[in-house]
$ cat input06.txt   # compact mmCIF, C-alpha atoms
# COMPACT_ATOMS: atom_id res chain seq x y z
CA MET H 594 65.16 79.82 119.65
CA THR H 595 64.49 76.14 119.42
CA LEU H 596 66.29 73.64 117.26
CA ASP H 597 63.05 72.79 115.44
CA SER H 598 62.90 76.26 113.88
CA THR H 599 62.88 76.63 110.15
CA TYR H 600 65.01 79.21 108.41
CA THR H 601 64.55 81.60 105.55
CA ILE H 602 67.50 83.20 103.79
CA ARG H 603 66.62 86.40 101.98
CA ALA H 604 67.87 89.84 101.03
CA GLN H 605 67.79 92.69 103.50
CA ARG H 606 64.52 94.65 103.60
CA ASN H 607 63.72 98.13 104.88
CA ASP H 608 61.67 96.71 107.75
CA ASP H 609 64.71 94.76 109.07
CA GLN H 610 66.20 97.82 110.77
CA ASP H 611 64.90 97.17 114.29
CA GLU H 612 65.90 93.51 114.40
CA LEU H 613 69.26 94.15 112.73
CA PHE H 614 69.91 96.80 115.37
CA LEU H 615 69.25 94.18 118.07
CA LEU H 616 71.68 91.77 116.38
CA LEU H 617 74.37 94.42 116.00
CA THR H 618 74.09 95.55 119.61
CA ASN H 619 74.16 92.03 121.10
CA GLU H 620 77.52 91.94 122.91
CA ALA H 621 77.81 88.14 122.71
CA ALA H 622 77.17 88.22 118.96
CA LEU H 623 79.77 90.97 118.53
CA LEU H 624 82.57 89.19 120.39
CA ASP H 625 83.86 87.54 117.20
CA SER H 626 83.49 90.68 115.08
CA VAL H 627 85.23 94.06 114.90
CA GLU H 628 82.01 95.90 115.73
CA ILE H 629 81.61 97.61 119.10
CA PRO H 630 78.60 97.55 121.44
CA TYR H 631 76.52 100.59 122.30
CA MET H 632 75.98 101.72 118.74
CA THR H 633 73.41 104.50 118.65
CA GLU H 634 70.31 104.01 116.55
CA GLU H 635 71.25 107.09 114.50
CA SER H 636 74.72 105.80 113.63
CA PHE H 637 73.26 102.38 112.90
CA ARG H 638 70.66 103.81 110.52
CA ASP H 639 73.29 105.94 108.76
CA ARG H 640 75.50 102.90 108.25
CA PHE H 641 73.04 100.11 107.50
CA SER H 642 69.93 101.63 105.93
CA ASN H 643 71.49 101.98 102.50
CA PRO H 644 74.33 99.50 102.00
CA PRO H 645 76.79 100.41 99.22
CA ALA H 646 75.96 99.03 95.77
CA ASP H 647 78.95 96.66 95.97
CA THR H 648 77.69 95.08 99.22
CA HIS H 649 75.13 92.28 99.13
CA VAL H 650 73.29 91.71 102.41
CA LEU H 651 71.65 88.39 103.22
CA ILE H 652 69.45 87.82 106.25
CA ALA H 653 68.88 84.52 108.08
CA GLU H 654 65.48 84.54 109.64
CA SER H 655 64.16 81.95 112.05
CA VAL H 656 60.51 81.02 111.66
CA LEU H 657 59.34 79.59 114.96
CA PRO H 658 56.41 77.18 115.33
CA SER H 659 54.34 80.16 116.52
CA ALA H 660 54.96 81.71 113.05
CA ARG H 661 56.94 84.53 114.70
CA ARG H 662 59.98 85.58 112.69
CA ARG H 663 63.33 86.60 114.14
CA ILE H 664 66.60 87.61 112.49
CA ILE H 665 69.27 85.22 113.76
CA GLY H 666 72.09 86.28 111.44
CA ALA H 667 73.28 88.43 108.59
CA ALA H 668 75.98 88.15 105.95
CA TRP H 669 77.61 91.04 104.13
CA LEU H 670 79.37 90.13 100.89
CA HIS H 671 81.43 93.17 99.89
CA THR H 672 82.74 92.84 96.34
CA GLN H 673 86.03 94.46 95.47
CA THR H 674 86.82 96.61 92.45
CA ASN H 675 89.40 96.98 89.70
CA ARG H 676 92.00 94.22 89.71
CA LEU H 677 90.33 92.60 92.73
CA ARG H 678 86.87 92.48 91.17
CA HIS H 679 86.96 88.67 91.32
CA THR H 680 87.11 88.90 95.14
CA ALA H 681 84.71 89.62 97.99
CA ARG H 682 85.12 90.03 101.74
CA LEU H 683 82.50 88.14 103.72
CA THR H 684 81.32 89.27 107.14
CA LEU H 685 79.03 86.91 108.97
CA LEU H 686 77.28 87.76 112.23
CA CYS H 687 74.91 85.42 114.07
CA LEU H 688 73.27 85.30 117.46
CA PRO H 689 75.28 83.03 119.80
CA GLN H 690 72.53 80.38 119.97
CA ALA H 691 72.56 80.15 116.14
CA ARG H 692 76.33 80.02 115.71
CA ARG H 693 77.66 76.95 113.90
CA ARG H 694 74.15 75.55 113.54
CA ASP H 695 71.81 75.05 110.60
CA GLY H 696 70.78 78.73 110.32
CA GLU H 697 74.35 79.99 110.09
CA SER H 698 75.30 77.16 107.72
CA ARG H 699 72.40 77.96 105.40
CA LEU H 700 73.32 81.67 105.49
CA LEU H 701 76.94 80.87 104.61
CA GLU H 702 75.89 78.47 101.83
CA ALA H 703 73.59 81.13 100.35
CA ALA H 704 76.34 83.78 100.45
CA LEU H 705 78.76 81.41 98.71
CA ALA H 706 76.16 80.46 96.09
CA LEU H 707 75.58 84.16 95.42
CA ALA H 708 79.34 84.66 95.05
CA ASP H 709 79.87 81.63 92.80
CA ASP H 710 76.72 81.34 90.71
CA TRP H 711 75.49 84.91 90.35
CA LEU H 712 78.43 87.24 90.84
CA GLY H 713 81.06 85.03 89.19
CA LEU H 714 83.55 85.58 92.01
CA ARG H 715 86.63 83.41 92.22
CA ARG H 716 87.74 84.30 95.77
CA VAL H 717 85.87 84.94 99.01
CA GLU H 718 87.78 86.06 102.09
CA LEU H 719 86.81 86.24 105.73
CA VAL H 720 88.60 87.08 108.96
CA ILE H 721 88.36 85.18 112.25
CA TYR H 722 90.25 85.71 115.47
CA ALA H 723 93.33 83.51 115.85
CA GLY H 724 93.27 80.69 118.35
CA ASP H 725 89.77 79.47 117.48
CA PRO H 726 90.32 76.04 115.91
CA ASP H 727 86.59 75.28 116.06
CA ALA H 728 85.79 78.30 113.87
CA GLU H 729 88.64 77.44 111.52
CA ALA H 730 87.38 73.84 111.19
CA TYR H 731 83.81 75.05 110.65
CA TYR H 732 84.82 77.33 107.77
CA ALA H 733 87.16 74.66 106.37
CA GLY H 734 84.02 72.56 105.90
CA PHE H 735 82.93 75.21 103.36
CA GLY H 736 86.27 75.25 101.53
CA PHE H 737 88.05 78.05 103.42
CA ALA H 738 91.74 77.75 104.25
CA ARG H 739 93.99 79.92 106.38
CA GLU H 740 96.22 82.15 104.26
CA ALA H 741 97.68 84.69 106.67
CA VAL H 742 98.07 85.74 110.27
CA MET H 743 97.31 89.39 110.93
CA ARG H 744 99.14 90.45 114.07
CA ARG H 745 97.40 92.76 116.55
CA TYR H 746 94.44 92.99 114.19
CA ALA H 747 91.83 94.40 116.56
CA VAL H 748 91.09 95.10 120.20
CA ARG H 749 89.12 92.21 121.67
CA SER H 750 88.19 92.03 125.34
CA GLY H 751 90.64 94.81 126.13
CA VAL H 752 93.74 93.39 124.39
CA TYR H 753 95.08 93.41 120.86
CA ALA H 754 94.21 90.12 119.21
CA ASP H 755 95.67 88.40 116.18
CA ALA H 756 93.37 87.26 113.40
CA TRP H 757 93.52 84.74 110.59
CA LEU H 758 92.65 85.59 107.02
CA LEU H 759 90.76 82.67 105.52
CA ALA H 760 90.01 82.41 101.83
CA ARG H 761 87.96 80.16 99.63
CA ARG H 762 88.93 79.99 96.00
CA HIS H 763 86.33 78.93 93.50
CA ALA H 764 87.44 77.52 90.18
CA PRO H 765 84.39 76.39 88.26
CA ASP H 766 84.66 73.18 86.33
CA GLN H 767 85.34 73.67 82.67
CA GLU H 768 83.27 76.61 81.65
CA THR H 769 81.18 75.89 78.62
CA GLN H 770 80.68 78.19 75.70
CA SER H 771 77.29 78.49 74.08
$ encode --input "input06.txt" --output "structure tokens"
Amino acid sequence: MTLDSTYTIRAQRNDDQDELFLLLTNEAALLDSVEIPYMTEESFRDRFSNPPADTHVLIAESVLPSARRRIIGAAWLHTQTNRLRHTARLTLLCLPQARRRDGESRLLEAALALADDWLGLRRVELVIYAGDPDAEAYYAGFGFAREAVMRRYAVRSGVYADAWLLARRHAPDQETQS
């Protein structure tokens, strides 16, 4: 992927399955997630072909100068229920060459706009592995702040790793009544 690519942010489509499978089986892309490599196509299709109604999936697609399209990232915004219905958990996964670049930033901005402007959410949470100040600073640029340390959160590279819970609270300016 070149830096002069353009990006499209859109909802997941049925024909995304093959490219999403490539993203979700890319070991380098998975390093910062809780997913594991070597997912079978059958388990992938069972899990990702019909996301739950409370999960909104956005796709970041790179459009290269050759007009070829490639999925470079995906965001899953999972809204909570009952007394947490104002909250969503965000999972963001991008190819390593797209990480912390324009494509990932546009994907994150779109997910937050969906949360704020369309779903009326007041809190979006995400989890990153502890000890990654660059990731923490990147998400801070979008309004996220560290709220908790989760000890021994997941196995990462063969050892239990701590994680940070980051949250972004959205309080709209004075809401107007019509």
$ atom_distance --input "input06.txt" --atom1 "atom CA of Trp757 of chain H" --atom2 "atom CA of Ile721 of chain H"
5.4 Å
$ residues_near_point --input "input06.txt" --point "(96.8, 93.4, 113.5)" --cutoff "12 Å" --atoms "only C-alpha atoms" --output "ChimeraX atom specification"
/H:627,720-723,741-749,752-758
$ closest_residue --input "input06.txt" --among "H:Glu697, H:Leu623, H:Ala646, H:Ile652" --to "Gln610 of chain H" --atoms "all atoms listed in the file"
H:Ile652
$ residues_around --input "input06.txt" --residues "Asp695 of chain H" --least-positions-apart "4" --cutoff "9 Å" --atoms "only C-alpha atoms" --output "list in words"
Leu596, Tyr600, Ala691, Arg699 and Leu700 of chain H
$ write_last_selection --input "input06.txt" --atoms "C-alpha atoms" --output "CSV table (one decimal), in the frame of the given file"
chain,number,residue,atom,x,y,z
H,596,LEU,CA,66.3,73.6,117.3
H,600,TYR,CA,65.0,79.2,108.4
H,691,ALA,CA,72.6,80.2,116.1
H,699,ARG,CA,72.4,78.0,105.4
H,700,LEU,CA,73.3,81.7,105.5
$ atom_distance --input "input06.txt" --atom1 "atom CA of Gln690 of chain H" --atom2 "atom CA of Ala668 of chain H"
16.4 Å
$ closest_residue --input "input06.txt" --among "H:Leu651, H:Phe614, H:Glu740, H:Gly751" --to "Asp639 of chain H" --atoms "only C-alpha atoms"
H:Phe614
$ residues_around --input "input06.txt" --residues "Pro630 of chain H" --least-positions-apart "4" --cutoff "10 Å" --atoms "all atoms listed in the file" --output "list of chain:residue names"
H:Leu617, H:Thr618, H:Asn619, H:Glu620, H:Ala621, H:Ala622, H:Leu623, H:Leu624
$ write_last_selection --input "input06.txt" --atoms "C-alpha atoms" --output "compact mmCIF listing (two decimals), in the frame of the given file"
# COMPACT_ATOMS: atom_id res chain seq x y z
CA LEU H 617 74.37 94.42 116.00
CA THR H 618 74.09 95.55 119.61
CA ASN H 619 74.16 92.03 121.10
CA GLU H 620 77.52 91.94 122.91
CA ALA H 621 77.81 88.14 122.71
CA ALA H 622 77.17 88.22 118.96
CA LEU H 623 79.77 90.97 118.53
CA LEU H 624 82.57 89.19 120.39
$ residues_around --input "input06.txt" --residues "Ala730 of chain H" --least-positions-apart "4" --cutoff "12 Å" --atoms "only C-alpha atoms" --output "PyMOL selection string"
chain H and resi 693+721+724-726+734-739+759
$ write_last_selection --input "input06.txt" --atoms "C-alpha atoms" --output "PDB file, in the frame of the given file"
ATOM      1  CA  ARG H 693      77.660  76.950 113.900  1.00  0.00           C
ATOM      2  CA  ILE H 721      88.360  85.180 112.250  1.00  0.00           C
ATOM      3  CA  GLY H 724      93.270  80.690 118.350  1.00  0.00           C
ATOM      4  CA  ASP H 725      89.770  79.470 117.480  1.00  0.00           C
ATOM      5  CA  PRO H 726      90.320  76.040 115.910  1.00  0.00           C
ATOM      6  CA  GLY H 734      84.020  72.560 105.900  1.00  0.00           C
ATOM      7  CA  PHE H 735      82.930  75.210 103.360  1.00  0.00           C
ATOM      8  CA  GLY H 736      86.270  75.250 101.530  1.00  0.00           C
ATOM      9  CA  PHE H 737      88.050  78.050 103.420  1.00  0.00           C
ATOM     10  CA  ALA H 738      91.740  77.750 104.250  1.00  0.00           C
ATOM     11  CA  ARG H 739      93.990  79.920 106.380  1.00  0.00           C
ATOM     12  CA  LEU H 759      90.760  82.670 105.520  1.00  0.00           C
TER      13      LEU H 759
END
$ residues_around --input "input06.txt" --residues "Ile602 of chain H" --least-positions-apart "4" --cutoff "12 Å" --atoms "all atoms listed in the file" --output "count of residues only"
27
$ atom_distance --input "input06.txt" --atom1 "atom CA of Leu677 of chain H" --atom2 "atom CA of Arg640 of chain H"
23.8 Å
$ axis_aligned_box --input "input06.txt" --around "segment 660-666 of chain H" --padding-each-side "6 Å" --output "lines of an AutoDock Vina configuration file"
center_x = 63.5
center_y = 84.7
center_z = 113.1
size_x = 29.1
size_y = 17.9
size_z = 15.3
$ closest_residue --input "input06.txt" --among "H:Met632, H:Arg678, H:Leu683, H:Arg692" --to "Asp727 of chain H" --atoms "only C-alpha atoms"
H:Arg692
$ closest_residue --input "input06.txt" --among "H:Arg676, H:Trp669, H:Asp611, H:Arg661" --to "Glu635 of chain H" --atoms "only C-alpha atoms"
H:Asp611
$ closest_residue --input "input06.txt" --among "H:Leu688, H:Ala681, H:Ala733, H:Leu616" --to "Val717 of chain H" --atoms "all atoms listed in the file"
H:Ala681
$ residues_around --input "input06.txt" --residues "His679 of chain H" --least-positions-apart "2" --cutoff "12 Å" --atoms "only C-alpha atoms" --output "list in words"
His671, Thr672, Gln673, Thr674, Asn675, Arg676, Leu677, Ala681, Arg682, Ala708, Asp709, Leu712, Gly713, Leu714, Arg715, Arg716, Val717, Glu718, Arg761, Arg762, His763 and Ala764 of chain H
